[in-house]
>>> print(open('work-v4.tsv').read())   # TSV, C-alpha atoms
chain	number	residue	atom	x	y	z
L	16	MET	CA	-15.71	28.54	41.40
L	17	LEU	CA	-17.61	30.57	43.99
L	18	ARG	CA	-20.31	31.39	41.45
L	19	ALA	CA	-20.62	27.70	40.69
L	20	LEU	CA	-20.92	26.96	44.40
L	21	SER	CA	-23.73	29.46	44.87
L	22	ARG	CA	-25.69	28.24	41.82
L	23	SER	CA	-25.59	24.45	41.72
L	24	PRO	CA	-26.72	22.36	44.65
L	25	ALA	CA	-24.21	19.57	43.88
L	26	PRO	CA	-21.83	18.48	46.67
L	27	VAL	CA	-18.50	20.32	47.01
L	28	VAL	CA	-16.58	17.11	46.51
L	29	ARG	CA	-17.96	16.83	43.02
L	30	LEU	CA	-16.96	20.38	42.16
L	31	LEU	CA	-13.46	19.74	43.35
L	32	SER	CA	-13.12	16.61	41.26
L	33	PRO	CA	-11.06	16.88	38.07
L	34	ARG	CA	-13.01	18.57	35.26
L	35	THR	CA	-12.39	15.96	32.63
L	36	ALA	CA	-13.57	12.95	34.74
L	37	VAL	CA	-16.90	11.35	33.89
L	38	TRP	CA	-19.44	10.99	36.71
L	39	VAL	CA	-21.47	7.83	36.12
L	40	GLU	CA	-23.45	5.93	38.72
L	41	THR	CA	-24.14	2.82	36.66
L	42	VAL	CA	-22.60	1.49	33.44
L	43	ARG	CA	-24.73	-0.92	31.36
L	44	GLY	CA	-21.88	-3.25	30.27
L	45	ARG	CA	-22.64	-6.87	29.40
L	46	LYS	CA	-25.99	-7.35	31.14
L	47	SER	CA	-29.31	-5.94	29.94
L	48	ARG	CA	-31.80	-3.90	31.96
L	49	THR	CA	-33.80	-6.88	33.20
L	50	ASP	CA	-30.87	-9.02	34.40
L	51	PRO	CA	-30.63	-9.24	38.21
L	52	LYS	CA	-27.58	-8.09	40.11
L	53	ALA	CA	-24.92	-10.77	40.76
L	54	LYS	CA	-25.13	-12.53	44.14
L	55	SER	CA	-21.56	-11.59	44.99
L	56	LYS	CA	-22.34	-7.93	44.43
L	57	LEU	CA	-25.53	-7.64	46.50
L	58	GLY	CA	-24.01	-5.82	49.46
L	59	ARG	CA	-21.56	-3.75	47.51
L	60	ILE	CA	-21.44	-0.02	48.02
L	61	LYS	CA	-19.43	1.74	45.39
L	62	THR	CA	-17.33	4.58	46.69
L	63	PRO	CA	-15.39	6.93	44.47
L	64	PRO	CA	-11.62	7.07	45.02
L	65	PRO	CA	-10.63	9.48	47.80
L	66	VAL	CA	-9.56	12.97	46.71
L	67	ASP	CA	-7.03	15.13	48.48
L	68	PRO	CA	-8.38	18.71	48.21
L	69	VAL	CA	-5.01	20.43	48.44
L	70	GLU	CA	-3.57	18.18	45.77
L	71	MET	CA	-6.72	18.68	43.67
L	72	VAL	CA	-6.40	22.47	43.72
L	73	VAL	CA	-2.74	22.34	42.74
L	74	LEU	CA	-3.40	19.78	40.04
L	75	LYS	CA	-6.28	21.79	38.63
L	76	GLU	CA	-4.14	24.89	38.31
L	77	ARG	CA	-1.36	22.97	36.67
L	78	TYR	CA	-3.72	21.21	34.30
L	79	THR	CA	-5.38	24.42	33.17
L	80	GLU	CA	-1.99	25.93	32.44
L	81	TYR	CA	-0.84	22.82	30.62
L	82	ASN	CA	-3.98	22.57	28.53
L	83	LEU	CA	-3.75	26.24	27.68
L	84	ILE	CA	-0.21	25.90	26.41
L	85	LEU	CA	-0.93	22.73	24.45
L	86	ARG	CA	-4.04	24.13	22.87
L	87	ALA	CA	-2.18	27.29	21.88
L	88	LEU	CA	0.60	25.24	20.27
L	89	ARG	CA	-1.87	23.05	18.45
L	90	LEU	CA	-3.76	26.00	17.03
L	91	GLU	CA	-0.50	27.70	16.09
L	92	PHE	CA	0.61	24.72	14.04
L	93	LYS	CA	-2.79	24.38	12.49
L	94	GLU	CA	-2.71	28.00	11.44
L	95	GLN	CA	0.74	27.54	9.90
L	96	MET	CA	-0.47	24.59	7.85
L	97	LEU	CA	-3.57	26.43	6.70
L	98	ARG	CA	-1.53	29.44	5.74
L	99	LYS	CA	0.89	27.29	3.74
L	100	LYS	CA	-2.00	25.58	1.98
L	101	TYR	CA	-3.64	28.92	1.22
L	102	GLU	CA	-0.42	30.32	-0.14
L	103	GLU	CA	0.03	27.30	-2.35
L	104	GLU	CA	-3.43	27.37	-3.79
L	105	VAL	CA	-4.42	31.01	-3.93
L	106	GLY	CA	-1.58	33.24	-2.85
L	107	SER	CA	1.85	34.22	-4.13
L	108	VAL	CA	3.18	30.69	-4.62
L	109	ALA	CA	0.26	29.89	-6.91
L	110	GLU	CA	0.80	33.06	-8.92
L	111	GLU	CA	4.47	32.28	-9.38
L	112	ARG	CA	3.58	28.76	-10.35
L	113	THR	CA	1.07	29.90	-12.99
L	114	LYS	CA	3.56	32.38	-14.40
L	115	ARG	CA	6.24	29.71	-14.60
L	116	GLU	CA	3.85	27.28	-16.22
L	117	GLU	CA	2.79	29.87	-18.76
L	118	GLU	CA	6.40	30.53	-19.68
L	119	GLU	CA	7.09	26.84	-20.03
L	120	HIS	CA	3.97	26.45	-22.14
L	121	ARG	CA	5.07	29.27	-24.41
L	122	SER	CA	8.54	27.81	-24.88
L	123	LEU	CA	7.06	24.38	-25.62
L	124	MET	CA	4.71	25.91	-28.17
L	125	ALA	CA	7.69	27.62	-29.78
L	126	LEU	CA	9.41	24.24	-29.93
L	127	ASN	CA	6.35	22.76	-31.56
L	128	ASP	CA	6.19	25.58	-34.08
L	129	ALA	CA	9.85	25.08	-34.97
L	130	GLU	CA	9.21	21.39	-35.48
L	131	ASN	CA	6.22	22.15	-37.70
L	132	LEU	CA	8.30	24.55	-39.74
L	133	ARG	CA	10.98	21.93	-40.23
L	134	MET	CA	8.38	19.40	-41.37
L	135	HIS	CA	6.92	22.02	-43.68
L	136	LYS	CA	10.30	22.60	-45.33
L	137	ILE	CA	10.87	18.87	-45.75
L	138	ARG	CA	7.41	18.52	-47.22
L	139	GLU	CA	8.02	21.39	-49.65
L	140	GLN	CA	11.20	19.75	-50.87
L	141	ARG	CA	9.47	16.46	-51.28
L	142	MET	CA	6.60	18.03	-53.19
L	143	GLN	CA	9.06	19.78	-55.45
L	144	LYS	CA	10.90	16.55	-56.16
L	145	GLU	CA	7.67	14.77	-56.89
L	146	ALA	CA	6.52	17.54	-59.22
L	147	GLU	CA	9.84	17.41	-61.09
L	148	ALA	CA	9.68	13.64	-61.39
L	149	GLU	CA	6.18	13.86	-62.74
L	150	GLU	CA	7.21	16.55	-65.22
L	151	LEU	CA	10.04	14.32	-66.41
L	152	LYS	CA	7.76	11.35	-66.78
L	153	LYS	CA	5.25	13.40	-68.76
L	154	ARG	CA	7.92	14.62	-71.11
L	155	GLU	CA	9.23	11.13	-71.64
L	156	ALA	CA	5.73	9.86	-72.29
L	157	ASP	CA	5.27	12.64	-74.84
L	158	ILE	CA	8.50	11.73	-76.61
L	159	LEU	CA	7.54	8.07	-76.61
L	160	ARG	CA	4.14	8.84	-78.06
L	161	GLN	CA	5.73	11.01	-80.73
L	162	GLN	CA	8.12	8.23	-81.67
L	163	GLU	CA	5.33	5.70	-81.84
L	164	LEU	CA	3.44	7.97	-84.19
L	165	GLU	CA	6.48	8.38	-86.44
L	166	ASN	CA	7.08	4.63	-86.49
L	167	TYR	CA	3.51	4.02	-87.44
L	168	ILE	CA	3.66	6.51	-90.27
L	169	LYS	CA	6.92	5.02	-91.56
L	170	GLU	CA	5.49	1.54	-91.49
L	171	LYS	CA	2.46	2.62	-93.45
L	172	GLU	CA	4.63	4.39	-96.03
L	173	ARG	CA	6.74	1.26	-96.43
L	174	GLN	CA	3.69	-0.82	-97.02
L	175	ILE	CA	2.41	1.61	-99.62
L	176	LEU	CA	5.74	1.53	-101.48
L	177	GLN	CA	5.78	-2.24	-101.39
L	178	LEU	CA	2.27	-2.32	-102.78
L	179	GLN	CA	3.33	0.03	-105.54
L	180	GLU	CA	6.19	-2.30	-106.38
L	181	GLU	CA	3.93	-5.29	-106.53
L	182	ALA	CA	1.39	-3.38	-108.58
L	183	LYS	CA	3.83	-3.49	-111.50
L	184	ASP	CA	3.48	-7.27	-111.72
L	185	PHE	CA	-0.29	-7.37	-111.45
L	186	ILE	CA	-2.29	-9.13	-114.02
L	187	THR	CA	-4.65	-6.63	-115.64
L	188	LEU	CA	-7.14	-6.98	-118.45
L	189	ASP	CA	-4.51	-5.66	-120.92
L	190	ASN	CA	-1.85	-8.27	-120.42
L	191	LEU	CA	-4.20	-11.08	-119.51
L	192	ASP	CA	-3.72	-13.00	-122.73
L	193	GLN	CA	0.01	-12.47	-122.64
L	194	ARG	CA	0.32	-13.80	-119.15
L	195	ILE	CA	-1.82	-16.83	-119.85
L	196	GLU	CA	0.45	-17.67	-122.79
L	197	GLU	CA	3.49	-17.22	-120.57
L	198	ALA	CA	2.08	-19.44	-117.86
L	199	LEU	CA	1.23	-22.19	-120.27
L	200	ASP	CA	4.66	-21.98	-121.89
L	201	ASN	CA	6.59	-22.27	-118.56
L	202	PRO	CA	5.29	-25.03	-116.42
L	203	LYS	CA	6.58	-24.94	-112.86
L	204	ASN	CA	7.60	-27.99	-110.89
L	205	TYR	CA	6.61	-27.93	-107.21
L	206	ASN	CA	7.82	-31.43	-106.38
L	207	PHE	CA	10.85	-30.70	-104.25
L	208	ALA	CA	11.91	-31.37	-100.64
L	209	ILE	CA	13.78	-29.06	-98.29
L	210	ASP	CA	15.89	-29.70	-95.25
L	211	LYS	CA	15.76	-27.82	-91.97
L	212	GLU	CA	17.91	-25.02	-93.29
L	213	GLY	CA	15.47	-24.31	-96.09
L	214	ARG	CA	17.77	-25.47	-98.89
L	215	VAL	CA	16.32	-27.57	-101.60
L	216	VAL	CA	17.44	-31.16	-101.16
L	217	LYS	CA	16.01	-33.17	-104.06
L	218	ARG	CA	13.73	-32.68	-106.93
L	219	THR	CA	11.56	-35.23	-108.46
L	220	ALA	CA	11.08	-35.15	-112.21
L	221	PHE	CA	8.35	-33.00	-113.65
L	222	GLN	CA	5.31	-35.03	-114.53
L	223	ARG	CA	2.34	-33.53	-116.34
P	11	MET	CA	-11.67	-17.74	-23.83
P	12	PRO	CA	-9.99	-16.67	-27.11
P	13	MET	CA	-8.12	-13.40	-27.40
P	14	LYS	CA	-9.93	-10.67	-29.28
P	15	GLY	CA	-8.52	-8.53	-32.07
P	16	ARG	CA	-5.23	-8.43	-33.92
P	17	PHE	CA	-2.90	-7.36	-31.13
P	18	PRO	CA	-4.78	-8.32	-27.96
P	19	ILE	CA	-1.88	-7.10	-25.85
P	20	ARG	CA	-3.33	-3.63	-26.35
P	21	ARG	CA	-6.19	-4.68	-24.10
P	22	THR	CA	-4.05	-5.75	-21.14
P	23	LEU	CA	-3.83	-3.60	-18.04
P	24	GLU	CA	-0.07	-3.95	-17.94
P	25	TYR	CA	0.28	-2.48	-21.42
P	26	LEU	CA	-2.16	0.33	-20.73
P	27	GLN	CA	-0.52	1.31	-17.47
P	28	LYS	CA	2.81	1.62	-19.28
P	29	GLY	CA	1.48	4.65	-21.17
P	30	GLU	CA	3.83	7.58	-20.71
P	31	VAL	CA	1.70	10.55	-21.66
P	32	VAL	CA	-0.38	12.19	-18.93
P	33	PHE	CA	-1.81	15.43	-20.30
P	34	LYS	CA	-1.77	18.75	-18.47
P	35	LYS	CA	-5.04	19.95	-17.05
P	36	SER	CA	-5.49	22.47	-19.85
P	37	VAL	CA	-5.85	19.83	-22.59
P	38	ASN	CA	-9.51	19.05	-23.22
P	39	ILE	CA	-9.74	17.53	-26.68
P	40	MET	CA	-7.33	15.67	-28.91
P	41	THR	CA	-8.04	15.14	-32.61
P	42	VAL	CA	-6.10	12.88	-34.96
P	43	ASN	CA	-6.42	13.26	-38.73
P	44	TYR	CA	-4.79	10.45	-40.68
P	45	ASN	CA	-5.10	8.39	-43.88
P	46	THR	CA	-5.71	4.69	-44.21
P	47	HIS	CA	-3.33	4.29	-47.17
P	48	GLY	CA	-0.01	5.83	-48.02
P	49	ASP	CA	3.53	5.53	-46.72
P	50	LEU	CA	3.62	8.93	-45.03
P	51	SER	CA	0.64	8.14	-42.81
P	52	GLU	CA	2.17	4.89	-41.57
P	53	GLY	CA	3.52	6.40	-38.37
P	54	ALA	CA	0.21	8.07	-37.62
P	55	ARG	CA	-1.66	4.84	-38.22
P	56	LYS	CA	0.62	2.95	-35.85
P	57	PHE	CA	0.23	5.73	-33.31
P	58	VAL	CA	-3.56	5.43	-33.48
P	59	PHE	CA	-3.43	1.66	-33.31
P	60	PHE	CA	-0.93	1.24	-30.48
P	61	ASN	CA	-0.64	4.41	-28.45
P	62	ILE	CA	-4.11	5.95	-28.38
P	63	PRO	CA	-5.46	3.29	-25.95
P	64	GLN	CA	-2.61	4.05	-23.59
P	65	ILE	CA	-3.27	7.79	-23.75
P	66	GLN	CA	-7.00	7.39	-23.19
P	67	TYR	CA	-6.40	5.09	-20.24
P	68	LYS	CA	-4.15	7.61	-18.57
P	69	ASN	CA	-6.42	10.56	-19.43
P	70	PRO	CA	-10.01	9.42	-19.09
P	71	TRP	CA	-11.37	12.98	-19.17
P	72	VAL	CA	-9.75	13.96	-22.47
P	73	GLN	CA	-11.92	13.47	-25.53
P	74	ILE	CA	-10.03	11.84	-28.40
P	75	MET	CA	-11.46	11.83	-31.91
P	76	MET	CA	-10.09	10.17	-35.04
P	77	PHE	CA	-10.75	11.36	-38.61
P	78	LYS	CA	-9.81	9.23	-41.60
P	79	ASN	CA	-8.96	10.33	-45.14
P	80	MET	CA	-10.02	13.93	-44.77
P	81	THR	CA	-6.73	15.65	-45.58
P	82	PRO	CA	-3.76	14.61	-47.71
P	83	SER	CA	-1.31	14.78	-44.82
P	84	PRO	CA	-1.72	13.51	-41.25
P	85	PHE	CA	-1.67	15.76	-38.17
P	86	LEU	CA	-2.71	16.00	-34.54
P	87	ARG	CA	-4.67	18.88	-33.09
P	88	PHE	CA	-5.12	19.70	-29.41
P	89	TYR	CA	-7.82	22.01	-28.13
P	90	LEU	CA	-6.78	23.61	-24.85
P	91	GLY	CA	-8.84	25.65	-22.48
P	92	LYS	CA	-9.74	25.95	-18.82
P	93	SER	CA	-13.39	25.06	-19.25
P	94	PHE	CA	-14.74	21.57	-19.72
P	95	VAL	CA	-15.65	21.52	-23.41
P	96	LEU	CA	-16.69	18.54	-25.51
P	97	LEU	CA	-16.99	18.19	-29.28
P	98	PHE	CA	-20.17	16.86	-30.82
P	99	PHE	CA	-19.66	15.82	-34.43
P	100	ASN	CA	-22.66	14.72	-36.43
P	101	LEU	CA	-22.09	13.04	-39.77
P	102	PHE	CA	-24.84	15.03	-41.44
P	103	SER	CA	-24.21	18.54	-40.21
P	104	ILE	CA	-20.49	18.75	-39.67
P	105	LEU	CA	-20.16	22.34	-40.81
P	106	TRP	CA	-22.89	23.62	-38.53
P	107	TYR	CA	-21.45	21.96	-35.48
P	108	LEU	CA	-17.97	23.10	-36.39
P	109	LEU	CA	-19.24	26.65	-36.49
P	110	VAL	CA	-20.84	26.31	-33.06
P	111	LEU	CA	-17.64	24.80	-31.74
P	112	LEU	CA	-15.46	27.53	-33.09
P	113	LEU	CA	-17.66	30.12	-31.49
P	114	CYS	CA	-17.40	28.40	-28.11
P	115	LEU	CA	-13.69	27.78	-28.30
P	116	ASP	CA	-12.63	31.31	-28.97
P	117	ASP	CA	-10.73	31.64	-25.70
P	118	GLY	CA	-9.04	28.27	-25.95
P	119	GLU	CA	-5.75	27.67	-27.68
P	120	GLN	CA	-5.30	25.17	-30.48
P	121	VAL	CA	-2.04	23.30	-30.92
P	122	LEU	CA	-1.24	21.73	-34.28
P	123	VAL	CA	1.30	18.92	-34.56
P	124	ASP	CA	2.43	17.77	-38.02
P	125	VAL	CA	3.18	14.05	-38.08
P	126	GLU	CA	3.81	13.34	-41.75
P	127	GLY	CA	6.49	10.72	-42.17
P	128	LYS	CA	7.20	10.43	-38.45
P	129	ASP	CA	7.48	7.18	-36.52
P	130	HIS	CA	4.86	6.43	-33.83
P	131	LYS	CA	7.50	6.50	-31.12
P	132	GLU	CA	8.67	9.91	-32.28
P	133	ILE	CA	5.11	11.22	-32.23
P	134	MET	CA	4.59	9.92	-28.70
P	135	ASN	CA	7.79	11.54	-27.45
P	136	HIS	CA	6.95	14.83	-29.10
P	137	VAL	CA	3.46	14.92	-27.62
P	138	LYS	CA	4.86	14.06	-24.21
P	139	THR	CA	7.35	16.92	-24.42
P	140	ILE	CA	4.92	19.62	-25.45
P	141	LEU	CA	1.70	18.74	-23.65
P	142	GLY	CA	2.41	16.02	-21.14
P	143	LYS	CA	3.21	16.36	-17.46
P	144	SER	CA	6.91	15.99	-16.84
P	145	ASP	CA	8.35	13.09	-14.84
P	146	LYS	CA	9.11	15.39	-11.91
P	147	VAL	CA	5.54	16.60	-11.70
P	148	LEU	CA	4.20	13.06	-11.90
P	149	GLU	CA	6.50	11.95	-9.11
P	150	ALA	CA	5.46	14.86	-6.94
P	151	GLU	CA	1.80	14.02	-7.52
P	152	ALA	CA	2.37	10.37	-6.67
P	153	LEU	CA	4.14	11.39	-3.48
P	154	ALA	CA	1.30	13.71	-2.47
P	155	LYS	CA	-1.18	10.92	-3.09
P	156	MET	CA	0.84	8.53	-0.94
P	157	GLU	CA	0.84	11.00	1.93
P	158	LEU	CA	-2.92	10.81	2.19
P	159	SER	CA	-2.96	7.15	3.18
P	160	ASN	CA	-0.53	6.19	5.93
P	161	PRO	CA	0.10	2.43	5.98
P	162	ALA	CA	0.80	2.59	9.72
P	163	ASN	CA	-2.83	3.43	10.50
P	164	PHE	CA	-5.33	0.83	11.69
P	165	GLY	CA	-8.97	0.74	10.72
P	166	PRO	CA	-11.64	-0.87	8.50
P	167	LYS	CA	-10.25	-3.21	5.86
P	168	ARG	CA	-11.67	-1.01	3.15
P	169	TYR	CA	-9.40	1.94	3.88
P	170	PHE	CA	-6.49	0.54	5.86
P	171	LEU	CA	-4.19	-2.44	5.78
P	172	ARG	CA	-5.02	-3.91	9.19
P	173	GLU	CA	-7.72	-3.60	11.80
P	174	CYS	CA	-5.92	-4.96	14.82
P	175	ILE	CA	-2.31	-5.61	15.77
P	176	SER	CA	-3.19	-9.27	16.25
P	177	GLU	CA	-3.43	-9.56	12.45
P	178	VAL	CA	0.27	-8.89	12.03
P	179	GLU	CA	2.56	-11.89	11.64
P	180	GLY	CA	4.60	-12.48	14.78
P	181	GLN	CA	2.27	-10.66	17.17
P	182	VAL	CA	0.07	-12.17	19.87
P	183	PRO	CA	-2.91	-13.72	18.05
P	184	HIS	CA	-6.49	-12.79	18.80
P	185	PRO	CA	-7.75	-14.77	21.83
P	186	GLY	CA	-10.98	-15.42	19.96
P	187	PHE	CA	-9.11	-17.70	17.57
P	188	VAL	CA	-6.20	-18.93	19.65
P	189	PRO	CA	-6.58	-19.01	23.48
P	190	LEU	CA	-3.93	-17.05	25.34
P	191	PRO	CA	-1.39	-18.96	27.46
P	192	LYS	CA	-2.48	-19.11	31.09
P	193	GLU	CA	0.27	-16.78	32.29
P	194	MET	CA	-1.07	-13.89	30.15
P	195	THR	CA	-4.73	-14.07	31.25
P	196	GLY	CA	-6.00	-11.46	33.67
P	197	LYS	CA	-7.68	-13.83	36.10
P	198	TYR	CA	-4.53	-15.96	36.55
P	199	ARG	CA	-2.48	-12.87	37.24
P	200	ALA	CA	-5.09	-11.60	39.69
P	201	LYS	CA	-5.03	-14.97	41.45
P	202	LEU	CA	-1.23	-14.88	41.65
P	203	ALA	CA	-1.32	-11.33	43.02
P	204	ALA	CA	-3.91	-12.32	45.62
P	205	ALA	CA	-1.85	-15.41	46.56
P	206	SER	CA	1.40	-13.40	46.88
P	207	ASP	CA	-0.38	-10.74	48.97
P	208	GLU	CA	-1.49	-13.34	51.46
>>> encode(input="work-v4.tsv", output="structure tokens")
Amino acid sequence: MLRALSRSPAPVVRLLSPRTAVWVETVRGRKSRTDPKAKSKLGRIKTPPPVDPVEMVVLKERYTEYNLILRALRLEFKEQMLRKKYEEEVGSVAEERTKREEEEHRSLMALNDAENLRMHKIREQRMQKEAEAEELKKREADILRQQELENYIKEKERQILQLQEEAKDFITLDNLDQRIEEALDNPKNYNFAIDKEGRVVKRTAFQR
Amino acid sequence: MPMKGRFPIRRTLEYLQKGEVVFKKSVNIMTVNYNTHGDLSEGARKFVFFNIPQIQYKNPWVQIMMFKNMTPSPFLRFYLGKSFVLLFFNLFSILWYLLVLLLCLDDGEQVLVDVEGKDHKEIMNHVKTILGKSDKVLEAEALAKMELSNPANFGPKRYFLRECISEVEGQVPHPGFVPLPKEMTGKYRAKLAAASDE
């Protein structure tokens, strides 16, 4: 305070005033620069509030101590918070967290692998069943085809035999005359009616 | 305005916000291979149709790609990694790009999930278990986010709920809108004080 006294030419009263107070002569407020002073305020002399020097000294000491303590507390808490944040992000807590997460990840991957294996087994079984079913179907189709072929051959053979039977009654050049004679000797009567059952119902007389 | 698409509920915010899967930070890319026909792919198809929008809404920075009819059985594949990697698939030079990709993704892990014959709900639950953030973690994150904005603070409407206590219901209203009763004004009180002094 003595050094301040020797250097600055300001009045002692000002130096003794509380450090945090603001020394302003005029405050702009509502009016602009060019507005005149109010008529009621023309003779006003503004005086600062009176200061008791003894009280001021005591107060100053107390305030410095108080501010010191408060500032120290504030910075202490700030440091604690910063340290906690650092620990969480970069320090030991983070390392533990990453290790834990890695372990969890590994266990989850193992779970996933087990699930995949299970699905694989189910799929294998299904594929096997499908392959067997297809095999069965193929075999059945083969058998069916074989049977069809046999049926076809049998049918053809039957037709050939029937033809052979009919061939005995064919009219050839040899027995042509004989057959003509026979036909002329035995006239056939086609004038008959049949009922729904196919039985002959009535015959009309043969007319040439 | 008519609704668009077959199940327009998929486009509502309410439906999208109900998505359960929020991926861990390590998941970068998700790929779904499925078939358009076939009974076994049914679950995968439903998953793609109903659940993919929800997943993408909750994870805007995860790239999700769908491939149809490339393999006989459907599956999901996740590409993990710490770096921010994106796939670029070109229809004409798939193999070349795949090669480039594989070279870049050597450090990342790939997770394969078989989904043949599964139901879309089952697939969703499975994915949530293996690669999604757990409920506890999500709650913790939500709590941390809430701590940033204290509803008791006053300030600009953009960041806080109220600017002045006069906005709160039941408090003294702003004198600019509703004049104060005479007994509360400063000049009346000063007058009373001056009168009582005399």
>>> atom_distance(input="work-v4.tsv", atom1="atom CA of P:Val123", atom2="atom CA of L:Asn127")
7.0 Å
>>> residues_around(input="work-v4.tsv", residues="stretch 128-130 of chain P", least_positions_apart="2", cutoff="10 Å", atoms="only C-alpha atoms", output="ChimeraX atom specification")
/L:134 /P:50-61,84,124-126,132-136
>>> write_last_selection(input="work-v4.tsv", atoms="C-alpha atoms", output="mmCIF file, in the coordinates of the input")
data_model
loop_
_atom_site.group_PDB
_atom_site.id
_atom_site.type_symbol
_atom_site.label_atom_id
_atom_site.label_comp_id
_atom_site.auth_asym_id
_atom_site.auth_seq_id
_atom_site.Cartn_x
_atom_site.Cartn_y
_atom_site.Cartn_z
ATOM 1 C CA MET L 134 8.380 19.400 -41.370
ATOM 2 C CA LEU P 50 3.620 8.930 -45.030
ATOM 3 C CA SER P 51 0.640 8.140 -42.810
ATOM 4 C CA GLU P 52 2.170 4.890 -41.570
ATOM 5 C CA GLY P 53 3.520 6.400 -38.370
ATOM 6 C CA ALA P 54 0.210 8.070 -37.620
ATOM 7 C CA ARG P 55 -1.660 4.840 -38.220
ATOM 8 C CA LYS P 56 0.620 2.950 -35.850
ATOM 9 C CA PHE P 57 0.230 5.730 -33.310
ATOM 10 C CA VAL P 58 -3.560 5.430 -33.480
ATOM 11 C CA PHE P 59 -3.430 1.660 -33.310
ATOM 12 C CA PHE P 60 -0.930 1.240 -30.480
ATOM 13 C CA ASN P 61 -0.640 4.410 -28.450
ATOM 14 C CA PRO P 84 -1.720 13.510 -41.250
ATOM 15 C CA ASP P 124 2.430 17.770 -38.020
ATOM 16 C CA VAL P 125 3.180 14.050 -38.080
ATOM 17 C CA GLU P 126 3.810 13.340 -41.750
ATOM 18 C CA GLU P 132 8.670 9.910 -32.280
ATOM 19 C CA ILE P 133 5.110 11.220 -32.230
ATOM 20 C CA MET P 134 4.590 9.920 -28.700
ATOM 21 C CA ASN P 135 7.790 11.540 -27.450
ATOM 22 C CA HIS P 136 6.950 14.830 -29.100
#
>>> interface_residues(input="work-v4.tsv", of="chain P", to="chain L", cutoff="12 Å", atoms="all atoms listed in the file", output="MDAnalysis selection string")
chainID P and resid 34:37 50 82:88 90 119:128 132:133 136:144 147
>>> atom_distance(input="work-v4.tsv", atom1="atom CA of L:Lys114", atom2="atom CA of P:Lys92")
15.4 Å
>>> atom_distance(input="work-v4.tsv", atom1="atom CA of L:Glu111", atom2="atom CA of P:Leu158")
25.5 Å
>>> closest_residue(input="work-v4.tsv", among="L:Glu110, L:Arg43, L:Phe207, L:Val66", to="L:Ala220", atoms="all atoms listed in the file")
L:Phe207
>>> residues_near_point(input="work-v4.tsv", point="(1.8, 0.1, 10.0)", cutoff="12 Å", atoms="only C-alpha atoms", output="VMD selection string")
chain P and resid 159 to 165 170 to 175 177 to 178
>>> residues_around(input="work-v4.tsv", residues="stretch 25-27 of chain P", least_positions_apart="2", cutoff="12 Å", atoms="all atoms listed in the file", output="JSON, numbers by chain")
{"P": [17, 18, 19, 20, 21, 22, 23, 29, 30, 31, 32, 60, 61, 62, 63, 64, 65, 66, 67, 68, 69]}
>>> write_last_selection(input="work-v4.tsv", atoms="C-alpha atoms", output="mmCIF file, in the frame of the given file")
data_model
loop_
_atom_site.group_PDB
_atom_site.id
_atom_site.type_symbol
_atom_site.label_atom_id
_atom_site.label_comp_id
_atom_site.auth_asym_id
_atom_site.auth_seq_id
_atom_site.Cartn_x
_atom_site.Cartn_y
_atom_site.Cartn_z
ATOM 1 C CA PHE P 17 -2.900 -7.360 -31.130
ATOM 2 C CA PRO P 18 -4.780 -8.320 -27.960
ATOM 3 C CA ILE P 19 -1.880 -7.100 -25.850
ATOM 4 C CA ARG P 20 -3.330 -3.630 -26.350
ATOM 5 C CA ARG P 21 -6.190 -4.680 -24.100
ATOM 6 C CA THR P 22 -4.050 -5.750 -21.140
ATOM 7 C CA LEU P 23 -3.830 -3.600 -18.040
ATOM 8 C CA GLY P 29 1.480 4.650 -21.170
ATOM 9 C CA GLU P 30 3.830 7.580 -20.710
ATOM 10 C CA VAL P 31 1.700 10.550 -21.660
ATOM 11 C CA VAL P 32 -0.380 12.190 -18.930
ATOM 12 C CA PHE P 60 -0.930 1.240 -30.480
ATOM 13 C CA ASN P 61 -0.640 4.410 -28.450
ATOM 14 C CA ILE P 62 -4.110 5.950 -28.380
ATOM 15 C CA PRO P 63 -5.460 3.290 -25.950
ATOM 16 C CA GLN P 64 -2.610 4.050 -23.590
ATOM 17 C CA ILE P 65 -3.270 7.790 -23.750
ATOM 18 C CA GLN P 66 -7.000 7.390 -23.190
ATOM 19 C CA TYR P 67 -6.400 5.090 -20.240
ATOM 20 C CA LYS P 68 -4.150 7.610 -18.570
ATOM 21 C CA ASN P 69 -6.420 10.560 -19.430
#
